[in-house]
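Notes follow once the structure below has been shown.
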Amino acid sequence: MLSATATSLHVARRSAHSVWVRASHWVIAFSVMTLMLSGFVILMAHPRLYWGAVGNDLMPALVELPISRNYWHHGWTPSVAFFPGAGSPVTAERTYDIFNQNGWARSLHFLAAWFLVLTSAFYAVAAIVSGHFWRDLRPRAVELAPRQLWGSLRRHAHASMTPGPPYNPLQKFAYIVVVFIALPLMALTGMTMSPAITAAYPGLLDAFGGSQSARTIHFGIFVLLALFLIGHVVLTVLSGFKRQLRAMTLGT
Amino acid sequence: MELKPRLLTTRRSLITGLASLGGLMLGGCSKELPPTYGNILRMGDVLTYKAQRLLLPAHALVKEYDRHEISSMPATGTTNPADSAQPAYKAEFGPTYARLMRNGFADWGLSIEGRVDRPGIYTLADLKRFPSRTQITKHSCEEGWSSIAEWTGVPLRRVLEAAGMQPSARFVNFHPFDENPDGIDMVDALHPQTILAYGMNGHDLPVSHGAPVRVRVETQMGYKSVKYLRRIVVTNEFDDMGKLGLIQTGWSWYAGI
């Protein structure tokens, strides 16, 4: 009863996005979109995903994506075995001129990653210090009840959301998953692909089951984040695009 | 009415923040760091390089694998420096490579020059007289694929010490028979797993993988492990290798990530 009263009190309070939320939102938004674009271009150079420590064109893939001319290019000389006997690993020379824009795409990806990591770190500290996390993002036990979540989902469908806190349970859930789970996992799986970082922290390779598994998870979370981004923008449009944009930019 | 001053504060703090980040990155304008030529991507590369050098232990060893984990490995980039049809064919050295290859690289020699007290030429037999190191490591290509192979060679550090590397040495540059010259800093050059490899998976290094000798820089992406070595030059200043170098062709010189 007490917690229900507390919740209704919170519902009564209407507040705008604070200035640091607005600033970090847009830096993060721009960084994430840059990361998605450059990440996709990087994936186009080798549109094959694997599970485990290693994977390449001479090994079977988990998934092959038809997203560049490199898809099933077959531009290889006949395979030569490294060792005698059946099942030996092989080598072959590539004879195909692949699509590869990784010179700029990789550097842009890491530049945007710096902006995302530094801004997210600032956001996380500010969210905890200012009380934003405990006040606006933390789901209350009562909100996790199925009826509450269902009601929240229905309100989402009708898009009757007002900008800024208080957030409804579904919003809280989405924001917490994206900010505190998906984005940190993105950073960690990204770093698991780095030879220098994994030399210092080999535990990353164990945690994700190898650098190719990390790459596959990195792609999987990209898909989830892309879906979140689409839902986020659609709901912004449905609930009054100009009003939401003004709230997240000017704070009014 | 409180809005305007608050906005201004935000903008000012944002600009200050970005400017200080820029200042950090522009620290790259010296002869001890790769040049950026005002390109924001290259500034980001330098930031990553400096951050990794600052935050990561210098000589942490990369993971080494078991023999049964050796995988298939594609040969990409130049696969024969004597083949004039390949994109990085170097007319100046292609025919020389063809002649050396016909003779099983018996006449091949690796020149060690620059900031060393005893510059000289090392034959394959000279390199094999050094204590060897064999390591089964992962090759990570910037394209996204990877492979595991066993590499045998001499730690670059031993050769540099034998040649009398001078205290002023900052970079080690690799000049191959094709048009893919490159270099690394002393942290990676002296790394215990940075080797001049002449063997792969228990055999002589195949032509498609860089015969007779390639460098293995295990702490960076595959493209830093220059194949078909001809000359090694130790310098005290950064050499971007001009139009053939990574920076002017639009790539990050440091590829630890």
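Residues in the structure tokens are numbered from 1 in each chain, the chains being A, B, ... in the order shown, and ligands are numbered from 1 in the order shown.
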
- Item | At most 8 Å to chain A: residues in chain B, only C-alpha atoms, as a PyMOL selection string | chain B and resi 6-7+10+41-42+44-45+48+52+56-57+60-63+70-77+79+138+140+142-148+201+208+218-221+250-252+256-257

- Query: Neighbours of stretch 34-40 of chain B within 12 Å (only C-alpha atoms; same-chain residues fewer than 3 positions away dropped), as number ranges by chain?
  - Reply: A: 104, 107-108, 110-112; B: 21-22, 25-31, 43-50, 170-171, 182-185, 237-242, 245-248, 250-254

Could the residues in this selection be saved with C-alpha atoms as a compact mmCIF listing (two decimals), in the first residue's frame?
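Listed below is the output, part.txt:
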```
# COMPACT_ATOMS: atom_id res chain seq x y z
CA TRP A 104 38.08 4.63 -42.89
CA SER A 107 39.02 4.25 -37.70
CA LEU A 108 35.59 5.92 -37.71
CA PHE A 110 36.83 3.43 -32.98
CA LEU A 111 36.59 7.24 -32.99
CA ALA A 112 32.82 7.02 -32.44
CA LEU B 21 39.85 16.05 -26.30
CA GLY B 22 41.13 17.58 -29.54
CA MET B 25 44.61 14.03 -29.97
CA LEU B 26 46.63 16.81 -31.58
CA GLY B 27 49.48 15.79 -29.33
CA GLY B 28 50.14 13.49 -32.29
CA CYS B 29 52.04 16.23 -34.14
CA SER B 30 55.58 15.15 -33.32
CA LYS B 31 58.14 12.94 -34.95
CA MET B 43 43.61 11.72 -34.66
CA GLY B 44 41.29 9.01 -33.33
CA ASP B 45 43.90 6.38 -34.29
CA VAL B 46 46.55 8.29 -32.31
CA LEU B 47 44.20 8.58 -29.32
CA THR B 48 43.65 4.79 -29.39
CA TYR B 49 47.40 4.19 -29.74
CA LYS B 50 48.29 6.48 -26.82
CA ARG B 170 62.04 4.50 -31.50
CA PHE B 171 60.67 2.56 -34.47
CA ASP B 182 55.20 -0.70 -42.59
CA GLY B 183 56.62 -0.23 -39.12
CA ILE B 184 56.06 -0.71 -35.39
CA ASP B 185 57.21 1.02 -32.22
CA GLU B 237 61.76 9.37 -35.94
CA PHE B 238 58.44 8.25 -37.33
CA ASP B 239 58.59 7.30 -41.03
CA ASP B 240 55.14 7.28 -42.65
CA MET B 241 56.58 5.54 -45.77
CA GLY B 242 55.06 8.21 -48.03
CA GLY B 245 52.52 3.80 -46.18
CA LEU B 246 49.35 3.01 -44.26
CA ILE B 247 48.62 6.56 -43.14
CA GLN B 248 48.59 8.12 -46.61
CA GLY B 250 43.99 5.83 -45.32
CA TRP B 251 44.67 3.17 -42.69
CA SER B 252 45.53 3.26 -39.02
CA TRP B 253 49.25 2.77 -38.44
CA TYR B 254 48.57 1.35 -35.00
```

- Item | Nearest candidate to A:Trp26 (options A:Tyr123, A:Pro60, A:Phe40, A:Ser152; using only C-alpha atoms) |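 Looking at the shortest contact to A:Trp26, the residue is A:Tyr123.
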
- Query: Near A:Leu224, counting only C-alpha atoms, which residues have an atom at most 12 Å away, once you skip same-chain residues fewer than 3 positions from it, shown as a PyMOL selection string?
  - Reply: chain A and resi 36+174+177-178+181-183+185-186+217-221+227-231

Deliver the residues from the most recent selection as a file, using C-alpha atoms, as a PDB file, in the first residue's frame.
```
ATOM      1  CA  MET A  36      26.073   1.278 -36.683  1.00  0.00           C
ATOM      2  CA  ALA A 174      14.131  -0.690 -22.234  1.00  0.00           C
ATOM      3  CA  VAL A 177      18.644  -2.957 -20.799  1.00  0.00           C
ATOM      4  CA  VAL A 178      20.130  -0.638 -23.444  1.00  0.00           C
ATOM      5  CA  ILE A 181      23.460  -4.201 -20.370  1.00  0.00           C
ATOM      6  CA  ALA A 182      23.574  -3.876 -24.179  1.00  0.00           C
ATOM      7  CA  LEU A 183      26.052  -1.000 -24.486  1.00  0.00           C
ATOM      8  CA  LEU A 185      28.342  -5.802 -23.702  1.00  0.00           C
ATOM      9  CA  MET A 186      28.984  -4.039 -27.021  1.00  0.00           C
ATOM     10  CA  ILE A 217      27.518 -11.538 -30.176  1.00  0.00           C
ATOM     11  CA  HIS A 218      28.618  -7.996 -31.150  1.00  0.00           C
ATOM     12  CA  PHE A 219      26.500  -8.357 -34.310  1.00  0.00           C
ATOM     13  CA  GLY A 220      23.552  -9.848 -32.390  1.00  0.00           C
ATOM     14  CA  ILE A 221      23.455  -6.918 -29.981  1.00  0.00           C
ATOM     15  CA  LEU A 227      15.339  -2.683 -33.219  1.00  0.00           C
ATOM     16  CA  PHE A 228      15.345  -0.533 -30.087  1.00  0.00           C
ATOM     17  CA  LEU A 229      16.345   2.498 -32.152  1.00  0.00           C
ATOM     18  CA  ILE A 230      13.491   1.890 -34.612  1.00  0.00           C
ATOM     19  CA  GLY A 231      10.962   1.444 -31.769  1.00  0.00           C
TER      20      GLY A 231
END
```

List the neighbours of B:Asp107 out to 12 Å using only C-alpha atoms; skip same-chain residues closer than 3 positions along the sequence, and give me the result as a CSV table (one decimal) with N, CA and C atoms, in the first residue's frame.
```csv
chain,number,residue,atom,x,y,z
B,96,THR,N,63.8,-9.7,-58.8
B,96,THR,CA,64.8,-10.1,-57.8
B,96,THR,C,64.2,-11.3,-57.0
B,97,TYR,N,62.9,-11.0,-56.6
B,97,TYR,CA,62.3,-12.1,-55.8
B,97,TYR,C,62.1,-13.4,-56.6
B,98,ALA,N,61.8,-13.2,-57.8
B,98,ALA,CA,61.6,-14.4,-58.7
B,98,ALA,C,62.9,-15.2,-58.7
B,99,ARG,N,64.0,-14.5,-58.9
B,99,ARG,CA,65.4,-15.2,-58.9
B,99,ARG,C,65.7,-15.9,-57.6
B,100,LEU,N,65.4,-15.2,-56.5
B,100,LEU,CA,65.7,-15.7,-55.1
B,100,LEU,C,64.8,-17.0,-54.9
B,101,MET,N,63.6,-16.9,-55.3
B,101,MET,CA,62.6,-18.0,-55.1
B,101,MET,C,63.1,-19.2,-55.9
B,102,ARG,N,63.6,-19.0,-57.1
B,102,ARG,CA,64.0,-20.2,-57.9
B,102,ARG,C,65.1,-20.9,-57.2
B,103,ASN,N,65.9,-20.2,-56.4
B,103,ASN,CA,67.1,-20.8,-55.8
B,103,ASN,C,66.7,-21.2,-54.3
B,104,GLY,N,65.5,-21.3,-54.0
B,104,GLY,CA,65.1,-21.7,-52.6
B,104,GLY,C,65.5,-20.7,-51.6
B,110,LEU,N,68.7,-10.4,-45.4
B,110,LEU,CA,67.9,-9.4,-44.7
B,110,LEU,C,68.9,-8.3,-44.2
B,121,ILE,N,74.0,-7.7,-43.2
B,121,ILE,CA,73.0,-8.6,-43.9
B,121,ILE,C,73.0,-9.9,-43.3
B,122,TYR,N,71.8,-10.4,-43.0
B,122,TYR,CA,71.6,-11.7,-42.3
B,122,TYR,C,71.0,-12.6,-43.3
B,123,THR,N,71.6,-13.8,-43.6
B,123,THR,CA,71.0,-14.8,-44.5
B,123,THR,C,70.1,-15.6,-43.7
B,124,LEU,N,69.3,-16.5,-44.4
B,124,LEU,CA,68.4,-17.4,-43.7
B,124,LEU,C,69.1,-18.2,-42.7
B,125,ALA,N,70.3,-18.7,-43.1
B,125,ALA,CA,71.2,-19.5,-42.2
B,125,ALA,C,71.6,-18.7,-40.9
B,126,ASP,N,71.9,-17.5,-41.1
B,126,ASP,CA,72.3,-16.6,-40.0
B,126,ASP,C,71.1,-16.5,-39.0
B,212,PRO,N,60.8,-15.6,-47.8
B,212,PRO,CA,61.3,-16.6,-46.9
B,212,PRO,C,61.1,-16.2,-45.4
B,230,ARG,N,62.8,-7.7,-46.8
B,230,ARG,CA,64.0,-7.4,-47.6
B,230,ARG,C,64.9,-6.6,-46.7
```

- Item | Closest of A:Ala214, A:Ala226, A:Val27, A:Ala124 to A:Ile176 - atom-to-atom distances counting only C-alpha atoms |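 Of all the options, A:Ala124 lies closest to A:Ile176.
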
- Who sits within 7 Å of B:Gly114, only C-alpha atoms, same chain under 4 positions skipped, as a list in words: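 Listed by chain and then number, they are Val233, Val234 and Thr235 of chain B.
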
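Nearest to B:Leu54 of all the residues B:Val187, B:Ile112, B:Ala149, B:Gln166 is B:Val187, based on only C-alpha atoms.
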
- Please give the complete set of residues from stretch 95-213 of chain B that DSSP, run on the backbone, assigns to strand (DSSP E or B), formatted as a VMD selection string. chain B and resid 109 to 114 116 120 to 123 133 to 140 146 to 155 165 171 to 176 182 to 185 195 to 200 203 to 204

Quick one: write out the picked residues with N, CA and C atoms as a compact mmCIF listing (two decimals), in the first residue's frame?
```
# COMPACT_ATOMS: atom_id res chain seq x y z
N GLY B 109 69.03 -12.29 -48.38
CA GLY B 109 69.66 -11.69 -47.20
C GLY B 109 68.79 -10.57 -46.68
N LEU B 110 68.72 -10.45 -45.35
CA LEU B 110 67.91 -9.39 -44.73
C LEU B 110 68.86 -8.32 -44.21
N SER B 111 68.69 -7.12 -44.74
CA SER B 111 69.55 -6.02 -44.33
C SER B 111 68.99 -5.36 -43.07
N ILE B 112 69.83 -5.20 -42.04
CA ILE B 112 69.42 -4.49 -40.82
C ILE B 112 70.22 -3.20 -40.79
N GLU B 113 69.52 -2.06 -40.82
CA GLU B 113 70.19 -0.76 -40.93
C GLU B 113 69.58 0.27 -40.00
N GLY B 114 70.13 1.47 -40.08
CA GLY B 114 69.60 2.59 -39.31
C GLY B 114 70.32 2.75 -37.98
N VAL B 116 71.56 1.30 -35.59
CA VAL B 116 72.22 0.13 -35.01
C VAL B 116 73.74 0.31 -35.17
N GLY B 120 74.12 -4.73 -41.05
CA GLY B 120 74.64 -5.86 -41.82
C GLY B 120 73.54 -6.66 -42.47
N ILE B 121 73.96 -7.70 -43.18
CA ILE B 121 73.01 -8.55 -43.90
C ILE B 121 72.98 -9.94 -43.27
N TYR B 122 71.77 -10.40 -42.97
CA TYR B 122 71.58 -11.70 -42.34
C TYR B 122 70.96 -12.65 -43.34
N THR B 123 71.62 -13.77 -43.60
CA THR B 123 71.04 -14.79 -44.48
C THR B 123 70.05 -15.62 -43.67
N ARG B 133 62.14 -19.51 -31.63
CA ARG B 133 60.92 -19.51 -30.82
C ARG B 133 59.79 -20.02 -31.69
N THR B 134 59.00 -20.95 -31.16
CA THR B 134 57.85 -21.47 -31.89
C THR B 134 56.60 -21.14 -31.08
N GLN B 135 55.62 -20.56 -31.74
CA GLN B 135 54.40 -20.15 -31.05
C GLN B 135 53.18 -20.42 -31.92
N ILE B 136 52.12 -20.91 -31.28
CA ILE B 136 50.86 -21.17 -32.01
C ILE B 136 49.90 -20.05 -31.62
N THR B 137 49.66 -19.15 -32.55
CA THR B 137 48.94 -17.92 -32.22
C THR B 137 47.82 -17.65 -33.22
N LYS B 138 47.00 -16.70 -32.85
CA LYS B 138 45.86 -16.33 -33.70
C LYS B 138 46.22 -15.13 -34.56
N HIS B 139 45.91 -15.24 -35.83
CA HIS B 139 46.08 -14.14 -36.77
C HIS B 139 44.72 -13.48 -36.94
N SER B 140 44.60 -12.20 -36.58
CA SER B 140 43.31 -11.50 -36.70
C SER B 140 43.39 -10.52 -37.86
N SER B 146 39.80 -14.75 -38.87
CA SER B 146 40.98 -15.05 -38.07
C SER B 146 41.38 -16.51 -38.31
N SER B 147 42.58 -16.84 -37.89
CA SER B 147 43.08 -18.21 -38.07
C SER B 147 44.16 -18.47 -37.03
N ILE B 148 44.45 -19.75 -36.80
CA ILE B 148 45.50 -20.12 -35.85
C ILE B 148 46.56 -20.91 -36.60
N ALA B 149 47.82 -20.51 -36.41
CA ALA B 149 48.92 -21.24 -37.06
C ALA B 149 50.11 -21.27 -36.12
N GLU B 150 51.01 -22.20 -36.42
CA GLU B 150 52.25 -22.31 -35.65
C GLU B 150 53.36 -21.58 -36.42
N TRP B 151 54.02 -20.67 -35.74
CA TRP B 151 55.07 -19.87 -36.38
C TRP B 151 56.40 -20.15 -35.69
N THR B 152 57.45 -20.31 -36.49
CA THR B 152 58.79 -20.53 -35.94
C THR B 152 59.71 -19.46 -36.48
N GLY B 153 60.51 -18.88 -35.59
CA GLY B 153 61.43 -17.84 -36.04
C GLY B 153 62.31 -17.37 -34.91
N VAL B 154 62.94 -16.22 -35.13
CA VAL B 154 63.82 -15.66 -34.12
C VAL B 154 63.16 -14.39 -33.58
N PRO B 155 63.13 -14.23 -32.25
CA PRO B 155 62.57 -13.00 -31.72
C PRO B 155 63.31 -11.78 -32.30
N MET B 165 71.35 -2.33 -31.46
CA MET B 165 70.32 -1.29 -31.46
C MET B 165 70.71 -0.15 -30.51
N PHE B 171 61.53 3.35 -33.57
CA PHE B 171 60.67 2.56 -34.47
C PHE B 171 61.49 1.55 -35.25
N VAL B 172 60.83 0.45 -35.61
CA VAL B 172 61.46 -0.54 -36.49
C VAL B 172 60.57 -0.65 -37.73
N ASN B 173 61.18 -0.36 -38.88
CA ASN B 173 60.41 -0.33 -40.13
C ASN B 173 60.79 -1.50 -41.03
N PHE B 174 59.77 -2.05 -41.67
CA PHE B 174 59.95 -3.25 -42.49
C PHE B 174 59.74 -2.90 -43.96
N HIS B 175 60.75 -3.21 -44.78
CA HIS B 175 60.65 -2.95 -46.22
C HIS B 175 60.62 -4.29 -46.94
N PRO B 176 59.47 -4.62 -47.56
CA PRO B 176 59.33 -5.93 -48.20
C PRO B 176 59.62 -5.87 -49.70
N ASP B 182 55.90 -1.08 -43.82
CA ASP B 182 55.20 -0.70 -42.59
C ASP B 182 56.20 -0.67 -41.44
N GLY B 183 55.72 -0.29 -40.27
CA GLY B 183 56.62 -0.23 -39.12
C GLY B 183 55.86 -0.37 -37.81
N ILE B 184 56.63 -0.60 -36.73
CA ILE B 184 56.06 -0.71 -35.39
C ILE B 184 56.93 0.06 -34.41
N ASP B 185 56.40 0.32 -33.22
CA ASP B 185 57.21 1.02 -32.22
C ASP B 185 58.04 0.02 -31.42
N ILE B 195 58.30 -12.01 -33.70
CA ILE B 195 59.40 -12.81 -34.24
C ILE B 195 59.55 -12.60 -35.75
N LEU B 196 60.77 -12.85 -36.24
CA LEU B 196 61.00 -12.93 -37.68
C LEU B 196 60.80 -14.41 -38.01
N ALA B 197 59.62 -14.72 -38.61
CA ALA B 197 59.23 -16.11 -38.79
C ALA B 197 59.72 -16.64 -40.13
N TYR B 198 60.41 -17.82 -40.08
CA TYR B 198 60.82 -18.50 -41.30
C TYR B 198 60.12 -19.85 -41.43
N GLY B 199 59.35 -20.24 -40.40
CA GLY B 199 58.64 -21.51 -40.47
C GLY B 199 57.17 -21.33 -40.13
N MET B 200 56.33 -22.14 -40.79
CA MET B 200 54.89 -22.11 -40.51
C MET B 200 54.36 -23.54 -40.47
N HIS B 203 56.84 -26.34 -41.38
CA HIS B 203 57.55 -26.33 -42.67
C HIS B 203 58.15 -24.95 -42.90
N ASP B 204 58.95 -24.84 -43.99
CA ASP B 204 59.41 -23.51 -44.38
C ASP B 204 58.19 -22.63 -44.65
```

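Between atom CA of B:Ser132 and atom CA of B:His59 there is a distance of 18.8 Å.
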
- Task: Write down as a ChimeraX atom specification the residues belonging to stretch 44-248 of chain A that are assigned alpha helix (DSSP H) by DSSP computed on the backbone.
- Result: /A:44-45,102-129,132,146-158,169-176,183-191,195-200,203-208,211-238,241-248

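The environment of stretch 156-159 of chain B within 9 Å, counting only C-alpha atoms and disregarding residues fewer than 5 places along the same chain, consists of Ile112, Leu127, Phe130, Pro131, Gly164, Met165, Ala189, Leu190, His191, Pro192, Gln193, Thr194, Ile195, Leu196 and Val215 of chain B.
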
Write to file, as a CSV table (one decimal), in the first residue's frame, the residues of the selection just made, with C-alpha atoms.
```
chain,number,residue,atom,x,y,z
B,112,ILE,CA,69.4,-4.5,-40.8
B,127,LEU,CA,68.7,-16.1,-38.7
B,130,PHE,CA,69.8,-17.6,-33.3
B,131,PRO,CA,67.8,-19.5,-30.6
B,164,GLY,CA,73.6,-3.2,-31.6
B,165,MET,CA,70.3,-1.3,-31.5
B,189,ALA,CA,59.4,-4.6,-31.6
B,190,LEU,CA,60.8,-5.8,-28.3
B,191,HIS,CA,57.7,-7.9,-27.4
B,192,PRO,CA,58.8,-11.5,-26.7
B,193,GLN,CA,56.3,-12.8,-29.3
B,194,THR,CA,57.3,-10.5,-32.1
B,195,ILE,CA,59.4,-12.8,-34.2
B,196,LEU,CA,61.0,-12.9,-37.7
B,215,VAL,CA,57.5,-10.6,-39.2
```

With a distance cut-off of 12 Å and only C-alpha atoms, select the neighbouring residues of B:Ser84, excluding the residue or stretch itself and same-chain residues fewer than 4 positions from it, and output the selection as a PDB file with C-alpha atoms, in the first residue's frame.
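Contents of result.pdb, as written:
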```pdb
ATOM      1  CA  THR B  78      50.232 -10.209 -51.953  1.00  0.00           C
ATOM      2  CA  THR B  79      50.596 -13.972 -52.389  1.00  0.00           C
ATOM      3  CA  ASN B  80      53.605 -13.826 -54.741  1.00  0.00           C
ATOM      4  CA  ALA B  88      51.107  -4.469 -54.651  1.00  0.00           C
ATOM      5  CA  TYR B  89      53.682  -5.721 -57.202  1.00  0.00           C
ATOM      6  CA  LYS B  90      56.886  -3.689 -57.012  1.00  0.00           C
ATOM      7  CA  ALA B  91      58.639  -3.590 -60.390  1.00  0.00           C
ATOM      8  CA  GLU B  92      61.947  -2.746 -58.723  1.00  0.00           C
ATOM      9  CA  PHE B  93      62.060  -5.973 -56.683  1.00  0.00           C
ATOM     10  CA  GLY B  94      59.647  -8.426 -58.343  1.00  0.00           C
ATOM     11  CA  PRO B  95      62.284  -9.933 -60.680  1.00  0.00           C
ATOM     12  CA  TYR B  97      62.254 -12.062 -55.757  1.00  0.00           C
ATOM     13  CA  ALA B  98      61.604 -14.420 -58.691  1.00  0.00           C
ATOM     14  CA  PHE B 177      59.653  -7.112 -51.819  1.00  0.00           C
ATOM     15  CA  ASP B 178      56.125  -5.817 -52.531  1.00  0.00           C
ATOM     16  CA  GLU B 179      54.641  -2.350 -52.029  1.00  0.00           C
TER      17      GLU B 179
END
```
